[in-house]
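In what follows, a structure is listed as structure tokens, so that the remarks can point back to it.
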Amino acid sequence: MSVTRFLLFAFILHFNSFFSQPGNEDYLSIRRKYENLEKNNTDALPSVRLFIKKAKKEKDYSRLVQGYKDAVLFSSSGHDKMRYADSTILAALKSEDNDLISTAYLGKGIIHYFNFKKFEPALDEYLKAYQYAKNTKDDYLRYKVKYHLGVVKSYLGYYQDALELFGECSVFFENKCKQNLHPNELYNNTRGYYNSLHQMIVCYQHLKNFKVSDSLINVSLSKTYDMDEFSLERGYFFKCKGLLEYNHKNYNAAISDLNQSLQPILKAKDFAWASVVYYYLGKSYTSINTTKRLQYFIKVDSIFNTHHFILPDVRPGYEELIKNSKKEKNLEKELYYTRQLLKVDSVLSKDFTYLSAKIHKEYDTKLLIDKKEMLEQKSEGRLISMIIFIVLTLLFLGLFIIRFLKERKIQRKYAELQHRLSEEGRKATSNTEEVKRKNVLPGEERKSVLTAEQIHELSAKLDLFEINNSFIQKGLTQNKLAAKLGTNTSYLSTYINEHKKVNFNRYIGELRISYITKLLNSNKKYLNYTIEALAEECGISSRQNFSDLFYEINGIRPKDFIRKRKEELEGI
């Protein structure tokens with residue numbers, strides 16, 4: 001190979017390599033990567049973004065509009081579609097091309113209508129598209145705008161006006177289908193024709209012109225027979241045929257046709273027509289299977305809850321659900337579906353102004369409000385009763401737990417007191433001062449203001465005072481006891497504080513409570529005494545003082561000690 005031929009070959013390789021780089025691909029090459037994918041297939045988006053990036057860089061606004069339209073087509077989320085639709089409008093406005101601007105506004109309106117079923121904003125966008133398409137030479141665009149204006153008019157209840165628009169569109173799209181067009185153009189015009197036929201059938205059925213609607217249904221089904229690319233349109237025609245059979249009271253045939261329509265409609269996420277299919281399936285099962293009938297009406301309610309949208313056709317389903325709830329005496333369901341029906345009427349009154357005066361049949365707004373209030377009162381009464389029951393149950397449970405814990409504490413304190421009494425009984429033979437109170441350290445007596453002789457004398461006298469139970473004397477004071485022991489109050493107080501480790505009042509109180517506790521524990525007759533009598537028996541002036549002091553020293557109330565002691569004795 002000569003040097004010249006080698007250099008030429010290298011140049012060609014370099015040239016091909018340069019133009020095969022992702023950033024250097026032409027628009028047609030990029031679109032070929034995804035143009036045959038189904039809509040809502042997000043696998044196309046990386047290539048779509050490359051297309052958009054290239055158009056932005058080159059400021060090619062017509063291409064940029066195409067890129068954003070592709071992004072709308074292949075995005076699976078309605079919100080993503082709306083975001084790209086807004087970008088489409090901005091790019092179209094920069095292009096200053098009226099056809100592109102009209103197409104962009106139309107696209108946004110279609111998203112409002114198809115993905116969100118928001119008719120008011122959809123109509124606003126359609127009207128903008130119509131203004132920009134007034135002088136367009138693109139007939140397909142003009143009739144596409146007309147079609148969507150007809151859709152809104154139909155949903156708002158202007159069936160005759162809508163029918164005229166759909167009639168014009170069907171003629172236009174049918175004629176275009178007979179021409180020698182590019183496959184993509186042929187597909188779009190064919191879809192436009194079938195969708196126009198579908199909307200015409202809907203209008204004729206609402207206008208009660210069943211003869212024409214039935215004829216169009218048969219023609220449409222024959223045209224779309226075994227055509228997979230128009231499965232959604234065929235689903236719409238089966239939906240219309242199901243309604244036709246229902247009107248003719250051929251309920252089994254209606255169920256069959258409606259079920260054939262359901263799969264493609266659900267696949268397209270057309271929840272509006274899905275709710276109609278569910279409603280008429282429910283109606284068709286009325287005399288066949290009551291359970292299925294109600295299940296399909298409930299599916300309609302589920303769609304309403306999810307999308308906050310409903311068609312007037314399916315409103316009576318809520319009346320059926322209310323009647324059934326009333327029949328079952330299910331107050332909660334009756335109230336729920338009554339509230340739902342009020343919401344439905346509110347939506348219909350807003351979006352379907354033409355029908356707002358006609359939609360109230362058995363349940364007009366005032367009756368529904370009165371009924372709702374009555375049901376709410378009943379429901380509120382039940383709720384209050386339930387709350388009271390729950391509160392009382394919790395209260396009694398709480399009281400039971402408190403009583404259980406209190407009783408367990410009483411039992412523990414009683415056992416501890418019995419153990420203490422048993423220990424004191426074993427030490428009763430000794431008349432010496434209680435070591436546990438004195439705890440006198442060696443040499444402590446010599447530090448006292450009292451002499452050893454005074455300490456010994458007072459110890460002996462108090463021992464005798466305790467042995468003779470002289471402390472039960474009523475009105476006993478420190479002065480009286482000092483006089484009785486032949487000493488003064490200062491010496492007596494000092495001795496009690498140093499050797500008994502308590503003050504005078506506590507010393508006397510402990511002696512009295514210890515005395516009466518031992519009596520209650522050893523002599524059954526005292527268990528039948530009143531608290532007042534027990535207080536008097538041990539020299540305490542009042543019932544309350546006695547009970548409080550008994551609890552403070554023994555850790556248990558006298559009435560509880562008596563009860564536990566009786567239970568113990570009865571169990572022996």
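Just remember, in the structure tokens the first chain shown is A, the second B, etc., residues are 1-based per chain, and ligands are 1-based in the order shown.
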
12 Å contact set for Val276 in chain A, only C-alpha atoms, chain neighbours under 6 positions out, as a PyMOL selection string: chain A and resi 202+236+239-240+242-243+258-259+261-262+265-266+270+282-283+296-297+299-301+303-304+309-317

Within 9 Å of Glu168 in chain A using only C-alpha atoms, minus same-chain residues under 5 positions, as a VMD selection string: chain A and resid 143 146 to 147 163 173 196

Restricting it to all heavy atoms, dump the selection as a short mmCIF file (atom, residue, chain, number, x, y, z; two decimals), in the first residue's frame.
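Output (out20.cif):
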```cif
data_model
loop_
_atom_site.label_atom_id
_atom_site.label_comp_id
_atom_site.auth_asym_id
_atom_site.auth_seq_id
_atom_site.Cartn_x
_atom_site.Cartn_y
_atom_site.Cartn_z
N TYR A 143 -57.62 20.32 12.48
CA TYR A 143 -58.66 19.36 12.84
C TYR A 143 -58.34 18.63 14.15
O TYR A 143 -59.24 18.21 14.87
CB TYR A 143 -58.89 18.36 11.71
CG TYR A 143 -59.79 18.93 10.65
CD1 TYR A 143 -59.25 19.52 9.50
CD2 TYR A 143 -61.17 18.94 10.80
CE1 TYR A 143 -60.07 20.08 8.53
CE2 TYR A 143 -62.00 19.49 9.84
CZ TYR A 143 -61.45 20.07 8.71
OH TYR A 143 -62.28 20.63 7.76
N LYS A 146 -59.67 21.00 16.62
CA LYS A 146 -61.14 20.89 16.63
C LYS A 146 -61.60 19.65 17.40
O LYS A 146 -62.56 19.70 18.16
CB LYS A 146 -61.66 20.80 15.18
CG LYS A 146 -61.82 22.13 14.48
CD LYS A 146 -62.56 21.91 13.16
CE LYS A 146 -62.82 23.25 12.47
NZ LYS A 146 -63.63 23.08 11.24
N TYR A 147 -60.88 18.55 17.15
CA TYR A 147 -61.24 17.29 17.84
C TYR A 147 -61.20 17.47 19.35
O TYR A 147 -62.13 17.09 20.07
CB TYR A 147 -60.29 16.17 17.41
CG TYR A 147 -60.42 14.92 18.24
CD1 TYR A 147 -61.38 13.97 17.95
CD2 TYR A 147 -59.59 14.71 19.35
CE1 TYR A 147 -61.52 12.83 18.73
CE2 TYR A 147 -59.72 13.57 20.13
CZ TYR A 147 -60.68 12.63 19.82
OH TYR A 147 -60.83 11.51 20.59
N LEU A 163 -70.89 16.97 18.61
CA LEU A 163 -71.14 16.04 17.50
C LEU A 163 -70.81 16.67 16.15
O LEU A 163 -70.25 16.01 15.26
CB LEU A 163 -72.60 15.60 17.53
CG LEU A 163 -73.02 14.48 16.58
CD1 LEU A 163 -72.17 13.24 16.80
CD2 LEU A 163 -74.50 14.17 16.76
N PHE A 173 -60.36 13.16 8.56
CA PHE A 173 -59.37 12.09 8.81
C PHE A 173 -59.61 10.90 7.89
O PHE A 173 -58.66 10.25 7.43
CB PHE A 173 -59.41 11.66 10.28
CG PHE A 173 -58.88 12.69 11.24
CD1 PHE A 173 -59.64 13.13 12.31
CD2 PHE A 173 -57.61 13.22 11.07
CE1 PHE A 173 -59.15 14.08 13.20
CE2 PHE A 173 -57.11 14.18 11.95
CZ PHE A 173 -57.88 14.61 13.01
N SER A 196 -62.50 9.94 16.41
CA SER A 196 -63.66 10.78 16.07
C SER A 196 -64.93 9.94 16.05
O SER A 196 -65.99 10.36 16.55
CB SER A 196 -63.45 11.45 14.71
OG SER A 196 -62.34 12.33 14.75
#
```

Backbone DSSP call of alpha helix (DSSP H) for range 18-110 of chain A, listed as a ChimeraX atom specification: /A:18-20,27-32,45-58,61-74,78-95,98-110

Test item: residues at most 8 Å from Asn98 in chain A, only C-alpha atoms, excluding those fewer than 6 positions along its chain, as a PDB file with C-alpha atoms, in the first residue's frame:
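This is the output file result.pdb:
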```pdb
ATOM      1  CA  TYR A 132     -52.533  30.204  16.720  1.00  0.00           C
ATOM      2  CA  ALA A 133     -53.893  27.638  14.226  1.00  0.00           C
ATOM      3  CA  THR A 136     -52.414  27.575   9.530  1.00  0.00           C
TER       4      THR A 136
END
```

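Using only C-alpha atoms, the protein and nucleic acid residues lying no more than 8 Å from Leu458 in chain A, apart from those fewer than 4 places from it along its own chain, are Gln454, Leu462, Leu485, Leu492 and Tyr495 of chain A.
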
For His112 in chain A: contacts at 9 Å, only C-alpha atoms, fewer than 3 positions along chain excluded, given as a list in words: Gly78, Met82, Gly107, Lys108, Gly109, Asn115, Phe116, Lys117, Lys118, Phe119, Glu120, Pro121, Ala122, Leu123 and Glu125 of chain A

Pick from A:Val344, A:Leu156, A:Cys538, A:Ile201, whichever lies nearest to Ser170 in chain A using only C-alpha atoms: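 Smallest separation from Ser170 in chain A among the options: A:Ile201.
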
I'd like the contact shell of range 36-44 of chain A - 7 Å cut-off, only C-alpha atoms, skipping same-chain residues fewer than 4 positions apart - returned as a PDB file with N, CA, C and O atoms, in the first residue's frame.
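Now in part.pdb:
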```pdb
ATOM      1  N   VAL A  48     -33.468  10.890  23.726  1.00  0.00           N
ATOM      2  CA  VAL A  48     -34.269  12.111  23.591  1.00  0.00           C
ATOM      3  C   VAL A  48     -33.513  13.290  24.192  1.00  0.00           C
ATOM      4  O   VAL A  48     -33.474  14.387  23.600  1.00  0.00           O
ATOM      5  N   LEU A  73     -43.868  12.337  24.969  1.00  0.00           N
ATOM      6  CA  LEU A  73     -44.394  11.056  24.495  1.00  0.00           C
ATOM      7  C   LEU A  73     -43.845   9.871  25.281  1.00  0.00           C
ATOM      8  O   LEU A  73     -44.597   8.952  25.638  1.00  0.00           O
ATOM      9  N   PHE A  74     -42.550   9.900  25.609  1.00  0.00           N
ATOM     10  CA  PHE A  74     -41.925   8.729  26.217  1.00  0.00           C
ATOM     11  C   PHE A  74     -41.810   8.796  27.735  1.00  0.00           C
ATOM     12  O   PHE A  74     -41.418   7.805  28.364  1.00  0.00           O
ATOM     13  N   SER A  75     -42.157   9.920  28.353  1.00  0.00           N
ATOM     14  CA  SER A  75     -42.169   9.988  29.829  1.00  0.00           C
ATOM     15  C   SER A  75     -43.372   9.205  30.341  1.00  0.00           C
ATOM     16  O   SER A  75     -44.455   9.257  29.756  1.00  0.00           O
ATOM     17  N   SER A  76     -43.170   8.493  31.426  1.00  0.00           N
ATOM     18  CA  SER A  76     -44.268   7.669  31.968  1.00  0.00           C
ATOM     19  C   SER A  76     -45.087   8.409  33.006  1.00  0.00           C
ATOM     20  O   SER A  76     -46.222   8.045  33.292  1.00  0.00           O
TER      21      SER A  76
END
```
